[in-house]
$ cat final.csv   # CSV, C-alpha atoms
chain,number,residue,atom,x,y,z
Z,1,MET,CA,0.7,-269.7,-4.9
Z,2,PRO,CA,1.1,-267.9,-8.2
Z,3,GLN,CA,-1.8,-268.7,-10.4
Z,4,LYS,CA,-1.8,-269.2,-14.2
Z,5,PRO,CA,-3.3,-266.1,-15.8
Z,6,ALA,CA,-6.8,-266.6,-17.0
Z,7,GLY,CA,-7.2,-267.1,-20.7
Z,8,THR,CA,-7.4,-264.0,-22.8
Z,9,LEU,CA,-8.2,-263.3,-26.4
Z,10,TYR,CA,-4.6,-262.5,-27.1
Z,11,ARG,CA,-2.1,-264.1,-24.7
Z,12,GLY,CA,-0.7,-267.4,-25.8
Z,13,LYS,CA,-2.8,-267.4,-29.0
Z,14,VAL,CA,-2.2,-266.9,-32.7
Z,15,GLY,CA,-2.3,-263.1,-32.2
Z,16,MET,CA,0.6,-263.1,-29.8
Z,17,TRP,CA,2.8,-265.7,-31.5
Z,18,SER,CA,2.4,-264.1,-34.9
Z,19,TRP,CA,3.6,-260.9,-33.3
Z,20,VAL,CA,6.6,-262.6,-31.7
Z,21,LEU,CA,7.5,-264.2,-35.0
Z,22,HIS,CA,7.1,-261.0,-36.9
Z,23,ARG,CA,9.6,-259.3,-34.5
Z,24,ILE,CA,12.1,-262.1,-34.6
Z,25,THR,CA,12.1,-262.4,-38.4
Z,26,GLY,CA,12.2,-258.6,-38.7
Z,27,VAL,CA,15.3,-258.3,-36.5
Z,28,ALA,CA,17.0,-261.1,-38.4
Z,29,ILE,CA,16.2,-259.6,-41.8
Z,30,PHE,CA,17.4,-256.2,-40.6
Z,31,PHE,CA,20.8,-257.5,-39.6
Z,32,PHE,CA,21.2,-259.4,-42.8
Z,33,LEU,CA,20.2,-256.2,-44.7
Z,34,LEU,CA,23.1,-254.2,-43.0
Z,35,VAL,CA,25.6,-256.9,-44.1
Z,36,HIS,CA,24.1,-257.2,-47.6
Z,37,VAL,CA,24.4,-253.5,-48.3
Z,38,LEU,CA,28.0,-253.5,-47.2
Z,39,ASP,CA,29.0,-256.6,-49.2
Z,40,THR,CA,27.2,-255.2,-52.3
Z,41,ALA,CA,29.0,-251.9,-51.9
Z,42,LEU,CA,32.2,-253.7,-52.9
Z,43,VAL,CA,31.1,-253.7,-56.5
Z,44,ARG,CA,32.1,-250.0,-56.5
Z,45,LEU,CA,35.6,-250.8,-55.3
Z,46,ASP,CA,36.9,-254.0,-56.8
Z,47,ALA,CA,35.5,-256.8,-58.9
Z,48,ALA,CA,37.7,-259.5,-57.4
Z,49,ALA,CA,37.0,-258.4,-53.9
Z,50,TYR,CA,33.2,-258.5,-54.6
Z,51,ASN,CA,33.5,-262.0,-56.2
Z,52,GLY,CA,35.5,-263.2,-53.2
Z,53,VAL,CA,32.9,-262.0,-50.7
Z,54,ILE,CA,29.9,-263.2,-52.8
Z,55,GLY,CA,31.8,-266.6,-53.0
Z,56,THR,CA,31.0,-267.1,-49.3
Z,57,TYR,CA,27.3,-266.9,-50.1
Z,58,LYS,CA,27.8,-269.9,-52.3
Z,59,THR,CA,29.2,-272.2,-49.5
Z,60,THR,CA,27.1,-275.0,-48.1
Z,61,ILE,CA,26.7,-273.4,-44.6
Z,62,ILE,CA,25.7,-270.0,-45.8
Z,63,GLY,CA,23.7,-271.6,-48.6
Z,64,LEU,CA,21.6,-273.3,-45.9
Z,65,GLY,CA,21.4,-270.0,-44.0
Z,66,GLU,CA,19.8,-268.5,-47.1
Z,67,LEU,CA,17.0,-271.0,-46.8
Z,68,GLY,CA,16.4,-269.6,-43.3
Z,69,LEU,CA,16.6,-266.0,-44.6
Z,70,VAL,CA,14.1,-266.7,-47.4
Z,71,ALA,CA,11.7,-268.5,-44.9
Z,72,ALA,CA,11.9,-265.4,-42.6
Z,73,ILE,CA,11.3,-263.0,-45.5
Z,74,LEU,CA,8.3,-265.1,-46.7
Z,75,PHE,CA,6.7,-265.1,-43.3
Z,76,HIS,CA,7.4,-261.5,-42.5
Z,77,ALA,CA,6.1,-260.2,-45.9
Z,78,LEU,CA,2.9,-262.3,-45.9
Z,79,ASN,CA,2.2,-261.7,-42.2
Z,80,GLY,CA,2.7,-258.0,-43.0
Z,81,VAL,CA,-0.2,-258.3,-45.6
Z,82,ARG,CA,-2.2,-259.9,-42.8
Z,83,ILE,CA,-1.5,-256.9,-40.5
Z,84,ILE,CA,-2.5,-254.5,-43.3
Z,85,LEU,CA,-5.8,-256.4,-43.8
Z,86,ILE,CA,-6.5,-256.4,-40.0
Z,87,ASP,CA,-6.0,-252.6,-40.0
Z,88,PHE,CA,-7.9,-251.7,-43.2
Z,89,TRP,CA,-10.3,-254.5,-44.1
Z,90,ARG,CA,-13.7,-254.5,-42.4
Z,91,LYS,CA,-13.5,-258.2,-41.6
Z,92,GLY,CA,-9.8,-258.2,-41.0
Z,93,ALA,CA,-9.8,-258.2,-37.2
Z,94,LYS,CA,-12.5,-260.9,-37.1
Z,95,LEU,CA,-10.6,-263.2,-39.5
Z,96,GLN,CA,-7.1,-262.6,-38.1
Z,97,ASN,CA,-6.8,-266.1,-36.8
Z,98,VAL,CA,-7.7,-267.9,-40.0
Z,99,MET,CA,-5.5,-265.4,-42.0
Z,100,PHE,CA,-2.5,-266.4,-39.9
Z,101,TRP,CA,-2.9,-270.0,-41.0
Z,102,ILE,CA,-3.4,-268.8,-44.6
Z,103,VAL,CA,-0.1,-266.9,-44.2
Z,104,VAL,CA,1.6,-270.0,-43.0
Z,105,ALA,CA,0.2,-272.1,-45.8
Z,106,ILE,CA,1.2,-269.7,-48.6
Z,107,ALA,CA,4.7,-269.2,-47.0
Z,108,ALA,CA,5.1,-273.0,-46.8
Z,109,ILE,CA,4.0,-273.5,-50.5
Z,110,LEU,CA,6.4,-270.8,-51.7
Z,111,PHE,CA,9.2,-272.2,-49.6
Z,112,ALA,CA,8.5,-275.7,-50.9
Z,113,GLY,CA,8.9,-274.3,-54.4
Z,114,PHE,CA,12.1,-272.4,-53.6
Z,115,ALA,CA,14.0,-274.8,-51.3
Z,116,PRO,CA,14.7,-277.7,-53.8
Z,117,VAL,CA,15.8,-275.3,-56.5
Z,118,HIS,CA,18.1,-273.4,-54.2
Z,119,LEU,CA,19.5,-276.6,-52.7
Z,120,MET,CA,20.3,-277.8,-56.2
Z,121,HIS,CA,22.2,-274.6,-56.9
Z,122,VAL,CA,24.0,-274.8,-53.6
Z,123,PHE,CA,25.1,-278.4,-54.1
Z,124,SER,CA,25.8,-278.1,-57.8
Z,125,GLU,CA,29.4,-278.4,-58.9
Z,126,LYS,CA,29.8,-274.9,-60.4
N,1,MET,CA,12.2,-238.6,-23.2
N,2,SER,CA,9.5,-240.1,-21.0
N,3,VAL,CA,6.4,-241.4,-22.7
N,4,VAL,CA,3.3,-239.2,-22.0
N,5,ILE,CA,0.0,-241.0,-22.5
N,6,GLU,CA,-2.9,-238.6,-22.8
N,7,GLN,CA,-6.1,-239.1,-21.1
N,8,PRO,CA,-8.2,-241.2,-23.5
N,9,LYS,CA,-11.2,-238.9,-23.2
N,10,SER,CA,-9.2,-235.6,-23.7
N,11,PRO,CA,-9.5,-233.9,-27.0
N,12,ARG,CA,-6.8,-234.6,-29.6
N,13,SER,CA,-4.0,-232.1,-29.3
N,14,ARG,CA,-2.9,-230.8,-32.7
N,15,LYS,CA,0.2,-229.0,-31.6
N,16,ALA,CA,2.8,-231.0,-33.5
N,17,ALA,CA,2.9,-233.3,-36.5
N,18,ASN,CA,1.9,-236.8,-35.5
N,19,TRP,CA,5.1,-238.6,-36.4
N,20,GLU,CA,4.0,-241.9,-34.9
N,21,LYS,CA,1.0,-241.9,-37.3
N,22,TYR,CA,3.3,-241.2,-40.3
N,23,GLY,CA,5.6,-244.0,-39.1
N,24,TRP,CA,2.6,-246.3,-38.8
N,25,MET,CA,1.5,-245.4,-42.3
N,26,TYR,CA,5.0,-245.7,-43.7
N,27,MET,CA,5.4,-249.3,-42.4
N,28,ARG,CA,2.3,-250.4,-44.2
N,29,ALA,CA,2.9,-248.5,-47.5
N,30,SER,CA,6.6,-249.4,-47.7
N,31,GLY,CA,5.9,-253.0,-46.6
N,32,ALA,CA,3.4,-253.5,-49.5
N,33,ILE,CA,5.9,-252.1,-52.0
N,34,LEU,CA,8.8,-254.1,-50.5
N,35,LEU,CA,6.9,-257.3,-50.8
N,36,ILE,CA,6.9,-256.9,-54.6
N,37,LEU,CA,10.5,-255.5,-54.8
N,38,ILE,CA,12.0,-258.2,-52.6
N,39,PHE,CA,10.1,-261.2,-54.0
N,40,GLY,CA,11.2,-260.0,-57.5
N,41,HIS,CA,14.8,-259.6,-56.2
N,42,LEU,CA,14.8,-263.1,-54.8
N,43,TYR,CA,13.2,-264.6,-57.9
N,44,VAL,CA,15.7,-263.0,-60.3
N,45,ASN,CA,18.9,-263.4,-58.1
N,46,LEU,CA,18.2,-266.7,-56.3
N,47,PHE,CA,15.7,-268.7,-58.2
N,48,VAL,CA,16.1,-268.5,-62.0
N,49,GLY,CA,19.3,-269.5,-63.9
N,50,GLN,CA,22.1,-270.7,-61.7
N,51,GLY,CA,20.7,-269.0,-58.6
N,52,ILE,CA,23.2,-268.0,-56.0
N,53,LYS,CA,26.0,-269.7,-58.0
N,54,GLY,CA,25.4,-267.3,-60.9
N,55,ILE,CA,26.0,-264.1,-58.9
N,56,ASP,CA,29.3,-262.3,-59.4
N,57,PHE,CA,30.5,-258.9,-60.5
N,58,ALA,CA,29.5,-259.6,-64.1
N,59,PHE,CA,26.0,-260.5,-63.0
N,60,VAL,CA,25.6,-257.2,-61.1
N,61,ALA,CA,27.1,-255.2,-64.0
N,62,GLY,CA,24.7,-256.9,-66.4
N,63,LYS,CA,21.7,-256.0,-64.3
N,64,TRP,CA,22.8,-252.4,-63.7
N,65,ALA,CA,23.4,-251.8,-67.4
N,66,ASN,CA,19.6,-251.4,-67.3
N,67,PRO,CA,18.4,-248.3,-65.4
N,68,PHE,CA,15.3,-250.4,-64.5
N,69,TRP,CA,17.3,-252.5,-62.1
N,70,LYS,CA,19.2,-249.5,-60.7
N,71,VAL,CA,15.8,-247.9,-59.8
N,72,TRP,CA,14.6,-251.2,-58.4
N,73,ASP,CA,17.6,-251.7,-56.2
N,74,GLY,CA,17.7,-248.0,-55.2
N,75,LEU,CA,14.1,-248.1,-54.1
N,76,MET,CA,14.7,-251.4,-52.3
N,77,LEU,CA,17.7,-249.8,-50.5
N,78,TRP,CA,15.8,-246.7,-49.3
N,79,LEU,CA,12.5,-248.4,-48.4
N,80,ALA,CA,14.0,-251.4,-46.7
N,81,LEU,CA,16.5,-249.6,-44.6
N,82,ILE,CA,14.0,-247.0,-43.3
N,83,HIS,CA,11.4,-249.8,-42.8
N,84,GLY,CA,13.9,-251.9,-40.9
N,85,THR,CA,15.3,-249.0,-38.8
N,86,ASN,CA,11.8,-247.9,-37.8
N,87,GLY,CA,11.0,-251.4,-36.8
N,88,MET,CA,14.1,-251.6,-34.7
N,89,ARG,CA,13.2,-248.2,-33.2
N,90,THR,CA,9.9,-249.7,-32.1
N,91,ILE,CA,11.6,-252.6,-30.5
N,92,ALA,CA,14.1,-250.4,-28.8
N,93,ASN,CA,11.3,-248.2,-27.4
N,94,ASP,CA,9.5,-251.3,-26.2
N,95,TYR,CA,12.4,-253.0,-24.3
N,96,ALA,CA,14.9,-250.2,-23.4
N,97,GLU,CA,13.6,-249.0,-20.1
N,98,ARG,CA,16.2,-246.3,-19.3
N,99,PRO,CA,15.7,-243.1,-21.3
N,100,MET,CA,19.4,-242.7,-22.0
N,101,VAL,CA,19.8,-246.3,-23.3
N,102,ARG,CA,16.8,-245.7,-25.6
N,103,LYS,CA,18.2,-242.4,-26.9
N,104,VAL,CA,21.6,-243.9,-27.7
N,105,LEU,CA,20.0,-246.9,-29.4
N,106,ASN,CA,17.7,-244.7,-31.5
N,107,TYR,CA,20.5,-242.3,-32.5
N,108,THR,CA,22.7,-245.2,-33.4
N,109,LEU,CA,20.0,-246.9,-35.5
N,110,TRP,CA,19.3,-243.7,-37.6
N,111,ILE,CA,23.0,-242.9,-38.0
N,112,VAL,CA,23.6,-246.4,-39.4
N,113,CYS,CA,20.5,-246.2,-41.5
N,114,ALA,CA,21.6,-242.8,-43.0
N,115,ALA,CA,25.2,-244.0,-43.6
N,116,LEU,CA,24.1,-247.1,-45.4
N,117,ILE,CA,21.5,-245.3,-47.5
N,118,ILE,CA,24.2,-242.7,-48.6
N,119,LEU,CA,26.7,-245.5,-49.3
N,120,GLY,CA,24.3,-247.6,-51.2
N,121,THR,CA,23.0,-244.7,-53.2
N,122,LEU,CA,26.5,-243.7,-54.2
N,123,VAL,CA,27.4,-247.2,-55.2
N,124,ILE,CA,24.3,-247.5,-57.5
N,125,THR,CA,24.6,-244.0,-59.0
N,126,THR,CA,28.4,-244.0,-59.6
N,127,PHE,CA,28.8,-247.7,-60.5
N,128,ASP,CA,31.4,-248.3,-63.2
N,129,PRO,CA,31.4,-251.8,-64.7
N,130,CYS,CA,34.8,-251.2,-66.4
N,131,ILE,CA,36.7,-251.4,-63.1
N,132,ASP,CA,36.7,-255.2,-63.8
N,133,PRO,CA,39.7,-256.0,-65.9
N,134,ASN,CA,37.6,-258.7,-67.7
N,135,ALA,CA,34.6,-256.4,-68.3
N,136,SER,CA,35.4,-256.1,-72.1
N,137,THR,CA,34.6,-259.9,-72.4
N,138,TYR,CA,31.0,-259.6,-71.2
N,139,LEU,CA,30.4,-255.9,-71.9
N,140,PRO,CA,32.0,-255.5,-75.4
N,141,GLY,CA,31.6,-252.0,-76.7
N,142,VAL,CA,31.0,-250.6,-73.2
N,143,CYS,CA,34.4,-251.2,-71.7
N,144,ALA,CA,37.7,-251.1,-73.5
N,145,VAL,CA,40.0,-254.1,-73.6
N,146,LYS,CA,42.5,-253.8,-70.7
$ encode --input "final.csv" --output "structure tokens"
Amino acid sequence: MPQKPAGTLYRGKVGMWSWVLHRITGVAIFFFLLVHVLDTALVRLDAAAYNGVIGTYKTTIIGLGELGLVAAILFHALNGVRIILIDFWRKGAKLQNVMFWIVVAIAAILFAGFAPVHLMHVFSEK
Amino acid sequence: MSVVIEQPKSPRSRKAANWEKYGWMYMRASGAILLILIFGHLYVNLFVGQGIKGIDFAFVAGKWANPFWKVWDGLMLWLALIHGTNGMRTIANDYAERPMVRKVLNYTLWIVCAALIILGTLVITTFDPCIDPNASTYLPGVCAVK
């Protein structure tokens, strides 16, 4: 009978899941970045073509997707600060767990400030 | 390329530059700068004014009339693409078990990274707002009436 692995400091805990989230958000942001550099490059070619492509960013579906993008960026950026503090701050490793929840809290507050404003823009007439 | 792990107790070999260390340092240094650059980018482009609805060619032309935003966007381009590509390299090294697959993935990543950095840099440095036929309306004195 396979047994459940014994509890460790890392596996299944905040340390692991923050790492998983950091990877997933990082990959998502990377692929958006590839697209975003390409669509912005259109400003060098043709104004109407750029306006057409950027118009898709203003649609409801992509507008909601931008909420996800901003959420991913907020988590990745703030968790990156946590990683830097773990590496360089004397108490960083000891406080990594509580710092994760501080990261989540700050990201949630910033997201709560951003989301309503963005949704008003997305659902505005113009 | 197979991964060689040195005996932990053996003295540090100083034969070659420690690229993994520089990569490790780069991720932290660029990450800290990118936090400021990207939060600023999101605030100006998505939060204030009309947000996403306010972005069009004229918006970009207005921003890039100021060298400050050209430098901002150029820094963001270079730092973010290298940061992201190095992160993807780490992931490819973790999960691609066959050496050939890893090699192809890593070459592809850096070729795409270099191509987009060159493209983006050319776009920012050679940008001409007057290619928009309506540019004279929002940039009077800069672009002639067409």
$ closest_residue --input "final.csv" --among "Z:Val103, Z:Ala93, Z:Ile86, Z:Val122" --to "chain N" --atoms "only C-alpha atoms"
Z:Val122
$ closest_atom_pairs --input "final.csv" --of "chain N" --to "chain Z" --cutoff "7 Å" --atoms "all atoms listed in the file" --output "JSON lines"
{"residue": "N:Arg28", "atom": "CA", "partner": "Z:Ile84", "partner_atom": "CA", "distance": 6.4}
{"residue": "N:Gly31", "atom": "CA", "partner": "Z:Gly80", "partner_atom": "CA", "distance": 6.9}
{"residue": "N:Leu35", "atom": "CA", "partner": "Z:Ala77", "partner_atom": "CA", "distance": 5.7}
{"residue": "N:Phe47", "atom": "CA", "partner": "Z:His118", "partner_atom": "CA", "distance": 6.6}
{"residue": "N:Gln50", "atom": "CA", "partner": "Z:His121", "partner_atom": "CA", "distance": 6.2}
{"residue": "N:Gly51", "atom": "CA", "partner": "Z:His121", "partner_atom": "CA", "distance": 6.0}
{"residue": "N:Ile52", "atom": "CA", "partner": "Z:Lys58", "partner_atom": "CA", "distance": 6.2}
{"residue": "N:Lys53", "atom": "CA", "partner": "Z:Lys58", "partner_atom": "CA", "distance": 6.0}
{"residue": "N:Asp56", "atom": "CA", "partner": "Z:Asn51", "partner_atom": "CA", "distance": 5.3}
{"residue": "N:Phe57", "atom": "CA", "partner": "Z:Ala47", "partner_atom": "CA", "distance": 5.7}
{"residue": "N:Gly84", "atom": "CA", "partner": "Z:Phe30", "partner_atom": "CA", "distance": 5.6}
{"residue": "N:Gly120", "atom": "CA", "partner": "Z:Ala41", "partner_atom": "CA", "distance": 6.4}
{"residue": "N:Val123", "atom": "CA", "partner": "Z:Arg44", "partner_atom": "CA", "distance": 5.6}
{"residue": "N:Phe127", "atom": "CA", "partner": "Z:Arg44", "partner_atom": "CA", "distance": 5.7}
{"residue": "N:Asp128", "atom": "CA", "partner": "Z:Arg44", "partner_atom": "CA", "distance": 6.9}
{"residue": "N:Ile131", "atom": "CA", "partner": "Z:Asp46", "partner_atom": "CA", "distance": 6.8}
{"residue": "N:Asp132", "atom": "CA", "partner": "Z:Ala47", "partner_atom": "CA", "distance": 5.3}
$ atom_distance --input "final.csv" --atom1 "CA of Val48 (chain N)" --atom2 "CA of Leu64 (chain Z)"
17.7 Å
$ closest_residue --input "final.csv" --among "N:Arg89, N:Lys103, N:Arg98, N:His41" --to "Leu75 (chain N)" --atoms "only C-alpha atoms"
N:His41
$ atom_distance --input "final.csv" --atom1 "CA of Cys113 (chain N)" --atom2 "CA of Arg82 (chain Z)"
26.5 Å
$ atom_distance --input "final.csv" --atom1 "CA of Ala65 (chain N)" --atom2 "CA of Pro133 (chain N)"
16.9 Å
$ closest_residue --input "final.csv" --among "N:Ala114, N:Leu37, N:Ile91, N:Val60" --to "Val20 (chain Z)" --atoms "only C-alpha atoms"
N:Ile91
$ residues_around --input "final.csv" --residues "Lys70 (chain N)" --least-positions-apart "4" --cutoff "10 Å" --atoms "all atoms listed in the file" --output "ChimeraX atom specification"
/N:63-66,74-76,121,124-125,127
$ closest_residue --input "final.csv" --among "N:Pro11, N:Asn86, N:Thr137, N:Val101" --to "Met25 (chain N)" --atoms "only C-alpha atoms"
N:Asn86
$ decode --input "final.csv" --residues "region 89-111 of chain N" --atoms "N, CA, C and O atoms" --output "CSV table (one decimal), in the first residue's frame"
chain,number,residue,atom,x,y,z
N,89,ARG,N,13.4,29.6,-19.3
N,89,ARG,CA,14.6,28.7,-19.4
N,89,ARG,C,14.7,27.9,-18.2
N,89,ARG,O,14.9,26.6,-18.3
N,90,THR,N,14.5,28.5,-17.0
N,90,THR,CA,14.5,27.7,-15.8
N,90,THR,C,13.4,26.6,-15.8
N,90,THR,O,13.7,25.5,-15.4
N,91,ILE,N,12.3,26.9,-16.3
N,91,ILE,CA,11.2,26.0,-16.3
N,91,ILE,C,11.5,24.8,-17.3
N,91,ILE,O,11.3,23.7,-17.0
N,92,ALA,N,12.0,25.2,-18.5
N,92,ALA,CA,12.4,24.2,-19.5
N,92,ALA,C,13.5,23.3,-18.9
N,92,ALA,O,13.4,22.1,-19.1
N,93,ASN,N,14.4,23.8,-18.2
N,93,ASN,CA,15.5,23.0,-17.6
N,93,ASN,C,14.9,22.1,-16.6
N,93,ASN,O,15.4,21.0,-16.4
N,94,ASP,N,13.8,22.5,-15.9
N,94,ASP,CA,13.3,21.7,-14.9
N,94,ASP,C,12.5,20.5,-15.4
N,94,ASP,O,12.5,19.4,-14.9
N,95,TYR,N,11.7,20.8,-16.5
N,95,TYR,CA,10.8,19.8,-17.0
N,95,TYR,C,11.2,19.0,-18.2
N,95,TYR,O,10.7,17.9,-18.4
N,96,ALA,N,12.0,19.6,-19.1
N,96,ALA,CA,12.4,18.9,-20.3
N,96,ALA,C,13.6,17.9,-19.9
N,96,ALA,O,14.6,18.3,-19.5
N,97,GLU,N,13.2,16.6,-20.0
N,97,GLU,CA,14.2,15.7,-19.5
N,97,GLU,C,15.2,15.3,-20.5
N,97,GLU,O,16.4,15.0,-20.2
N,98,ARG,N,14.8,15.2,-21.8
N,98,ARG,CA,15.8,14.9,-22.9
N,98,ARG,C,16.6,16.1,-23.2
N,98,ARG,O,16.1,17.1,-23.5
N,99,PRO,N,17.9,15.9,-23.3
N,99,PRO,CA,18.9,17.0,-23.5
N,99,PRO,C,18.5,17.7,-24.8
N,99,PRO,O,18.6,19.0,-24.9
N,100,MET,N,18.1,17.0,-25.8
N,100,MET,CA,17.9,17.6,-27.1
N,100,MET,C,16.7,18.5,-27.0
N,100,MET,O,16.7,19.6,-27.6
N,101,VAL,N,15.6,18.1,-26.4
N,101,VAL,CA,14.4,18.9,-26.2
N,101,VAL,C,14.8,20.2,-25.5
N,101,VAL,O,14.3,21.3,-25.8
N,102,ARG,N,15.5,20.0,-24.4
N,102,ARG,CA,15.9,21.2,-23.6
N,102,ARG,C,16.7,22.2,-24.4
N,102,ARG,O,16.5,23.4,-24.4
N,103,LYS,N,17.6,21.7,-25.3
N,103,LYS,CA,18.4,22.5,-26.1
N,103,LYS,C,17.6,23.3,-27.1
N,103,LYS,O,17.8,24.5,-27.3
N,104,VAL,N,16.7,22.6,-27.8
N,104,VAL,CA,15.8,23.2,-28.8
N,104,VAL,C,14.9,24.3,-28.1
N,104,VAL,O,14.8,25.4,-28.6
N,105,LEU,N,14.4,23.9,-26.9
N,105,LEU,CA,13.5,24.9,-26.2
N,105,LEU,C,14.3,26.2,-25.8
N,105,LEU,O,13.9,27.3,-26.0
N,106,ASN,N,15.5,26.0,-25.3
N,106,ASN,CA,16.3,27.1,-24.9
N,106,ASN,C,16.7,28.0,-26.0
N,106,ASN,O,16.7,29.2,-25.9
N,107,TYR,N,17.2,27.4,-27.1
N,107,TYR,CA,17.5,28.2,-28.3
N,107,TYR,C,16.3,28.9,-28.8
N,107,TYR,O,16.4,30.1,-29.1
N,108,THR,N,15.2,28.3,-28.9
N,108,THR,CA,14.0,28.9,-29.4
N,108,THR,C,13.6,30.1,-28.5
N,108,THR,O,13.3,31.2,-29.0
N,109,LEU,N,13.7,29.9,-27.2
N,109,LEU,CA,13.4,31.0,-26.2
N,109,LEU,C,14.3,32.2,-26.5
N,109,LEU,O,13.8,33.4,-26.6
N,110,TRP,N,15.6,32.0,-26.6
N,110,TRP,CA,16.5,33.2,-26.7
N,110,TRP,C,16.4,33.8,-28.1
N,110,TRP,O,16.6,35.0,-28.2
N,111,ILE,N,16.1,33.0,-29.1
N,111,ILE,CA,15.9,33.6,-30.5
N,111,ILE,C,14.7,34.5,-30.5
N,111,ILE,O,14.7,35.6,-31.0
